[in-house]
>>> print(open('coords.pdb').read())   # PDB, C-alpha atoms
ATOM      1  CA  MET A 160     -71.918 -92.844 135.785  1.00  0.00           C
ATOM      2  CA  MET A 161     -69.901 -92.374 132.662  1.00  0.00           C
ATOM      3  CA  LEU A 162     -71.644 -92.066 129.282  1.00  0.00           C
ATOM      4  CA  PRO A 163     -70.258 -93.868 126.245  1.00  0.00           C
ATOM      5  CA  ILE A 164     -67.950 -91.822 124.031  1.00  0.00           C
ATOM      6  CA  SER A 165     -70.510 -91.563 121.198  1.00  0.00           C
ATOM      7  CA  VAL A 166     -73.045 -89.949 123.540  1.00  0.00           C
ATOM      8  CA  GLN A 167     -70.685 -87.595 125.360  1.00  0.00           C
ATOM      9  CA  ARG A 168     -70.688 -83.975 124.253  1.00  0.00           C
ATOM     10  CA  ARG A 169     -67.561 -82.948 122.576  1.00  0.00           C
ATOM     11  CA  GLN A 170     -66.310 -79.460 123.048  1.00  0.00           C
ATOM     12  CA  PRO A 171     -65.185 -77.684 119.855  1.00  0.00           C
ATOM     13  CA  MET A 172     -61.514 -76.939 119.673  1.00  0.00           C
ATOM     14  CA  PRO A 173     -60.782 -73.291 120.375  1.00  0.00           C
ATOM     15  CA  VAL A 174     -59.493 -71.395 117.350  1.00  0.00           C
ATOM     16  CA  PRO A 175     -56.778 -68.895 118.071  1.00  0.00           C
ATOM     17  CA  ARG A 176     -58.102 -65.429 117.234  1.00  0.00           C
ATOM     18  CA  ARG A 177     -54.866 -64.117 115.820  1.00  0.00           C
ATOM     19  CA  TRP A 178     -55.037 -66.596 112.904  1.00  0.00           C
ATOM     20  CA  GLY A 179     -58.541 -65.635 111.712  1.00  0.00           C
ATOM     21  CA  ARG A 180     -58.349 -61.841 111.753  1.00  0.00           C
ATOM     22  CA  GLY A 181     -57.918 -61.255 108.003  1.00  0.00           C
ATOM     23  CA  GLN A 182     -59.643 -64.405 106.822  1.00  0.00           C
ATOM     24  CA  THR A 183     -63.009 -62.757 106.116  1.00  0.00           C
ATOM     25  CA  ALA A 184     -61.465 -59.946 104.092  1.00  0.00           C
ATOM     26  CA  ALA A 185     -59.352 -62.371 102.090  1.00  0.00           C
ATOM     27  CA  GLU A 186     -62.344 -64.613 101.365  1.00  0.00           C
ATOM     28  CA  PHE A 187     -64.384 -61.610 100.269  1.00  0.00           C
ATOM     29  CA  ALA A 188     -61.604 -60.490  97.929  1.00  0.00           C
ATOM     30  CA  PHE A 189     -61.380 -63.941  96.373  1.00  0.00           C
ATOM     31  CA  MET A 190     -65.132 -64.548  96.047  1.00  0.00           C
ATOM     32  CA  GLY A 191     -66.982 -61.230  96.357  1.00  0.00           C
ATOM     33  CA  LEU A 192     -65.158 -59.153  93.784  1.00  0.00           C
ATOM     34  CA  PRO A 193     -65.344 -61.715  90.941  1.00  0.00           C
ATOM     35  CA  LEU A 194     -69.029 -62.199  91.747  1.00  0.00           C
ATOM     36  CA  LEU A 195     -69.598 -58.446  91.608  1.00  0.00           C
ATOM     37  CA  PHE A 196     -67.769 -58.284  88.266  1.00  0.00           C
ATOM     38  CA  LEU A 197     -69.962 -61.111  86.945  1.00  0.00           C
ATOM     39  CA  VAL A 198     -73.139 -59.295  87.997  1.00  0.00           C
ATOM     40  CA  PHE A 199     -72.118 -56.063  86.248  1.00  0.00           C
ATOM     41  CA  ALA A 200     -70.974 -57.958  83.148  1.00  0.00           C
ATOM     42  CA  THR A 201     -74.381 -59.659  82.991  1.00  0.00           C
ATOM     43  CA  ILE A 202     -76.160 -56.309  83.281  1.00  0.00           C
ATOM     44  CA  GLY A 203     -73.944 -54.811  80.557  1.00  0.00           C
ATOM     45  CA  MET A 204     -74.582 -57.754  78.231  1.00  0.00           C
ATOM     46  CA  GLY A 205     -78.313 -57.427  78.806  1.00  0.00           C
ATOM     47  CA  MET A 206     -78.157 -53.733  77.929  1.00  0.00           C
ATOM     48  CA  ALA A 207     -76.254 -54.522  74.719  1.00  0.00           C
ATOM     49  CA  ILE A 208     -78.822 -57.151  73.713  1.00  0.00           C
ATOM     50  CA  TYR A 209     -81.633 -54.700  74.450  1.00  0.00           C
ATOM     51  CA  GLY A 210     -79.908 -52.041  72.306  1.00  0.00           C
ATOM     52  CA  TYR A 211     -79.504 -54.447  69.394  1.00  0.00           C
ATOM     53  CA  SER A 212     -83.122 -55.579  69.696  1.00  0.00           C
ATOM     54  CA  PHE A 213     -84.245 -51.940  69.615  1.00  0.00           C
ATOM     55  CA  VAL A 214     -82.127 -51.193  66.539  1.00  0.00           C
ATOM     56  CA  CYS A 215     -83.646 -54.162  64.654  1.00  0.00           C
ATOM     57  CA  THR A 216     -87.201 -53.222  65.612  1.00  0.00           C
ATOM     58  CA  ALA A 217     -86.674 -49.530  64.833  1.00  0.00           C
ATOM     59  CA  ALA A 218     -85.298 -50.301  61.351  1.00  0.00           C
ATOM     60  CA  ARG A 219     -88.344 -52.464  60.541  1.00  0.00           C
ATOM     61  CA  ASP A 220     -90.788 -49.887  61.939  1.00  0.00           C
ATOM     62  CA  ALA A 221     -89.205 -47.025  59.996  1.00  0.00           C
ATOM     63  CA  THR A 222     -89.278 -49.093  56.797  1.00  0.00           C
ATOM     64  CA  ARG A 223     -92.941 -49.966  57.315  1.00  0.00           C
ATOM     65  CA  TYR A 224     -93.709 -46.279  57.837  1.00  0.00           C
ATOM     66  CA  ALA A 225     -91.854 -45.403  54.641  1.00  0.00           C
ATOM     67  CA  ILE A 226     -93.632 -47.999  52.468  1.00  0.00           C
ATOM     68  CA  VAL A 227     -97.090 -46.716  53.369  1.00  0.00           C
ATOM     69  CA  HIS A 228     -96.032 -43.073  53.042  1.00  0.00           C
ATOM     70  CA  GLY A 229     -94.756 -43.106  49.471  1.00  0.00           C
ATOM     71  CA  ALA A 230     -94.963 -40.290  46.918  1.00  0.00           C
ATOM     72  CA  SER A 231     -98.665 -40.923  46.229  1.00  0.00           C
ATOM     73  CA  SER A 232     -99.523 -40.657  49.944  1.00  0.00           C
ATOM     74  CA  THR A 233    -100.972 -37.467  51.442  1.00  0.00           C
ATOM     75  CA  SER A 234     -97.845 -37.116  53.610  1.00  0.00           C
ATOM     76  CA  PRO A 235     -94.796 -38.674  51.885  1.00  0.00           C
ATOM     77  CA  ALA A 236     -92.036 -39.927  54.197  1.00  0.00           C
ATOM     78  CA  THR A 237     -88.738 -38.051  54.326  1.00  0.00           C
ATOM     79  CA  GLN A 238     -85.402 -38.779  55.968  1.00  0.00           C
ATOM     80  CA  ALA A 239     -86.316 -36.367  58.784  1.00  0.00           C
ATOM     81  CA  ASP A 240     -89.649 -38.141  59.372  1.00  0.00           C
ATOM     82  CA  LEU A 241     -87.917 -41.508  59.714  1.00  0.00           C
ATOM     83  CA  THR A 242     -85.268 -40.099  62.064  1.00  0.00           C
ATOM     84  CA  THR A 243     -87.949 -38.498  64.247  1.00  0.00           C
ATOM     85  CA  LEU A 244     -89.931 -41.754  64.299  1.00  0.00           C
ATOM     86  CA  VAL A 245     -86.933 -43.791  65.466  1.00  0.00           C
ATOM     87  CA  GLN A 246     -85.849 -41.247  68.083  1.00  0.00           C
ATOM     88  CA  ASN A 247     -89.387 -41.057  69.482  1.00  0.00           C
ATOM     89  CA  GLU A 248     -89.426 -44.862  69.868  1.00  0.00           C
ATOM     90  CA  ALA A 249     -86.142 -44.839  71.810  1.00  0.00           C
ATOM     91  CA  GLN A 250     -86.890 -45.939  75.376  1.00  0.00           C
ATOM     92  CA  GLY A 251     -84.051 -46.826  77.729  1.00  0.00           C
ATOM     93  CA  ILE A 252     -81.281 -45.862  75.307  1.00  0.00           C
ATOM     94  CA  GLN A 253     -79.646 -42.565  74.411  1.00  0.00           C
ATOM     95  CA  ALA A 254     -81.507 -41.119  71.428  1.00  0.00           C
ATOM     96  CA  SER A 255     -78.545 -38.850  70.695  1.00  0.00           C
ATOM     97  CA  GLN A 256     -76.436 -41.935  69.871  1.00  0.00           C
ATOM     98  CA  LEU A 257     -78.863 -43.062  67.123  1.00  0.00           C
ATOM     99  CA  SER A 258     -78.399 -42.421  63.432  1.00  0.00           C
ATOM    100  CA  VAL A 259     -80.895 -43.245  60.704  1.00  0.00           C
ATOM    101  CA  SER A 260     -80.231 -43.386  56.981  1.00  0.00           C
ATOM    102  CA  ALA A 261     -82.791 -44.120  54.289  1.00  0.00           C
ATOM    103  CA  SER A 262     -82.540 -44.593  50.544  1.00  0.00           C
ATOM    104  CA  TRP A 263     -85.261 -44.928  47.940  1.00  0.00           C
ATOM    105  CA  THR A 264     -84.446 -46.884  44.761  1.00  0.00           C
ATOM    106  CA  PRO A 265     -85.128 -45.402  42.224  1.00  0.00           C
ATOM    107  CA  ASP A 266     -87.499 -42.893  43.885  1.00  0.00           C
ATOM    108  CA  ASN A 267     -90.345 -42.571  46.414  1.00  0.00           C
ATOM    109  CA  LYS A 268     -93.093 -43.884  44.069  1.00  0.00           C
ATOM    110  CA  PRO A 269     -95.068 -47.125  44.495  1.00  0.00           C
ATOM    111  CA  GLY A 270     -93.116 -50.173  43.335  1.00  0.00           C
ATOM    112  CA  SER A 271     -89.770 -48.655  44.378  1.00  0.00           C
ATOM    113  CA  VAL A 272     -87.640 -50.086  47.168  1.00  0.00           C
ATOM    114  CA  VAL A 273     -86.905 -48.260  50.401  1.00  0.00           C
ATOM    115  CA  ALA A 274     -83.985 -49.304  52.601  1.00  0.00           C
ATOM    116  CA  VAL A 275     -83.543 -47.990  56.151  1.00  0.00           C
ATOM    117  CA  THR A 276     -80.440 -48.487  58.295  1.00  0.00           C
ATOM    118  CA  VAL A 277     -80.435 -47.665  62.012  1.00  0.00           C
ATOM    119  CA  THR A 278     -77.144 -47.475  63.920  1.00  0.00           C
ATOM    120  CA  TYR A 279     -76.711 -47.079  67.680  1.00  0.00           C
ATOM    121  CA  ASN A 280     -73.356 -46.403  69.363  1.00  0.00           C
ATOM    122  CA  PHE A 281     -73.531 -48.487  72.542  1.00  0.00           C
ATOM    123  CA  HIS A 282     -71.240 -47.542  75.423  1.00  0.00           C
ATOM    124  CA  PRO A 283     -70.788 -50.431  77.904  1.00  0.00           C
ATOM    125  CA  LEU A 284     -70.966 -49.828  81.658  1.00  0.00           C
ATOM    126  CA  SER A 285     -67.280 -50.497  82.038  1.00  0.00           C
ATOM    127  CA  SER A 286     -66.010 -48.734  78.955  1.00  0.00           C
ATOM    128  CA  PHE A 287     -62.260 -49.076  79.198  1.00  0.00           C
ATOM    129  CA  GLY A 288     -60.697 -46.290  77.191  1.00  0.00           C
ATOM    130  CA  GLY A 289     -64.018 -44.966  75.861  1.00  0.00           C
ATOM    131  CA  MET A 290     -64.928 -48.178  74.045  1.00  0.00           C
ATOM    132  CA  THR A 291     -67.949 -47.954  71.725  1.00  0.00           C
ATOM    133  CA  LEU A 292     -69.828 -50.879  70.242  1.00  0.00           C
ATOM    134  CA  PRO A 293     -71.697 -49.899  67.048  1.00  0.00           C
ATOM    135  CA  LEU A 294     -74.985 -51.798  66.728  1.00  0.00           C
ATOM    136  CA  SER A 295     -76.591 -51.646  63.293  1.00  0.00           C
ATOM    137  CA  SER A 296     -79.569 -53.136  61.467  1.00  0.00           C
ATOM    138  CA  SER A 297     -81.112 -52.652  58.034  1.00  0.00           C
ATOM    139  CA  ALA A 298     -84.533 -53.330  56.587  1.00  0.00           C
ATOM    140  CA  GLU A 299     -85.703 -53.150  52.977  1.00  0.00           C
ATOM    141  CA  MET A 300     -89.266 -53.236  51.563  1.00  0.00           C
ATOM    142  CA  VAL A 301     -91.237 -52.278  48.442  1.00  0.00           C
ATOM    143  CA  ILE A 302     -93.351 -49.101  48.595  1.00  0.00           C
ATOM    144  CA  SER A 303     -97.020 -49.946  48.379  1.00  0.00           C
ATOM    145  CA  ARG A 304     -98.600 -46.502  47.962  1.00  0.00           C
TER     146      ARG A 304
END
>>> encode(input="coords.pdb", output="structure tokens")
Amino acid sequence: MMLPISVQRRQPMPVPRRWGRGQTAAEFAFMGLPLLFLVFATIGMGMAIYGYSFVCTAARDATRYAIVHGASSTSPATQADLTTLVQNEAQGIQASQLSVSASWTPDNKPGSVVAVTVTYNFHPLSSFGGMTLPLSSSAEMVISR
């Protein structure tokens, strides 16, 4: 008894092996390598955003420290104190690539203005030719005591 054509099992057509030998490698080159590049670019961008977020937070924290440690405080803030504070907060970034600058206008007494700038030299994962991305943030507040 013969089954109808729609019910009969169809055998897949044999694929000649000599045509498919390099197909997997070619497909990986076309799809795998760009995907790998995209993954590393995403990681690098995330690291840059983290570095910039740290720089902004560190500038605000150092400024807050400076406004409560004015000249009338028992331990007035100095440039070295602010640099040490920022470098001690550095987690997940290279503390050696940080620079901190502070200025007091006109001096370190209550009512004066303190401005702190934190700069971080970010080196991407794929730094072509030693590329450096300087990330910088400033904060300014009035000294309270």
>>> residues_near_point(input="coords.pdb", point="(-93.8, -51.5, 46.4)", cutoff="10 Å", atoms="only C-alpha atoms", output="PyMOL selection string")
chain A and resi 226-227+229+267-273+300-304
>>> atom_distance(input="coords.pdb", atom1="CA of Pro283 (chain A)", atom2="CA of Phe196 (chain A)")
13.3 Å
>>> closest_residue(input="coords.pdb", among="A:Ile252, A:Leu241, A:Asn247, A:Thr291", to="Thr276 (chain A)", atoms="only C-alpha atoms")
A:Leu241
>>> atom_distance(input="coords.pdb", atom1="CA of Ala274 (chain A)", atom2="CA of Ser255 (chain A)")
21.6 Å
>>> resolve_selection(input="coords.pdb", expression="the PyMOL selection byres ((chain A and resi 275) around 6)", output="list in words")
Ala218, Thr222, Ser260, Ala261, Ala274, Thr276, Ser297 and Ala298 of chain A
>>> axis_aligned_box(input="coords.pdb", around="region 272-282 of chain A", padding_each_side="3 Å", output="lines of an AutoDock Vina configuration file")
center_x = -79.4
center_y = -48.2
center_z = 61.3
size_x = 22.4
size_y = 9.7
size_z = 34.3
>>> atom_distance(input="coords.pdb", atom1="CA of Val245 (chain A)", atom2="CA of Asn280 (chain A)")
14.4 Å
>>> resolve_selection(input="coords.pdb", expression="the PyMOL selection byres ((chain A and resi 294) around 7)", output="ChimeraX atom specification")
/A:211,278-281,292-293,295
>>> closest_residue(input="coords.pdb", among="A:Thr237, A:Thr183, A:Ser232, A:Gln170", to="Trp263 (chain A)", atoms="only C-alpha atoms")
A:Thr237
>>> residues_around(input="coords.pdb", residues="Leu284 (chain A)", least_positions_apart="3", cutoff="12 Å", atoms="all atoms listed in the file", output="PyMOL selection string")
chain A and resi 196+198-207+281+287-292
>>> closest_residue(input="coords.pdb", among="A:Leu197, A:Cys215, A:Leu257, A:Ala230", to="Thr243 (chain A)", atoms="all atoms listed in the file")
A:Leu257
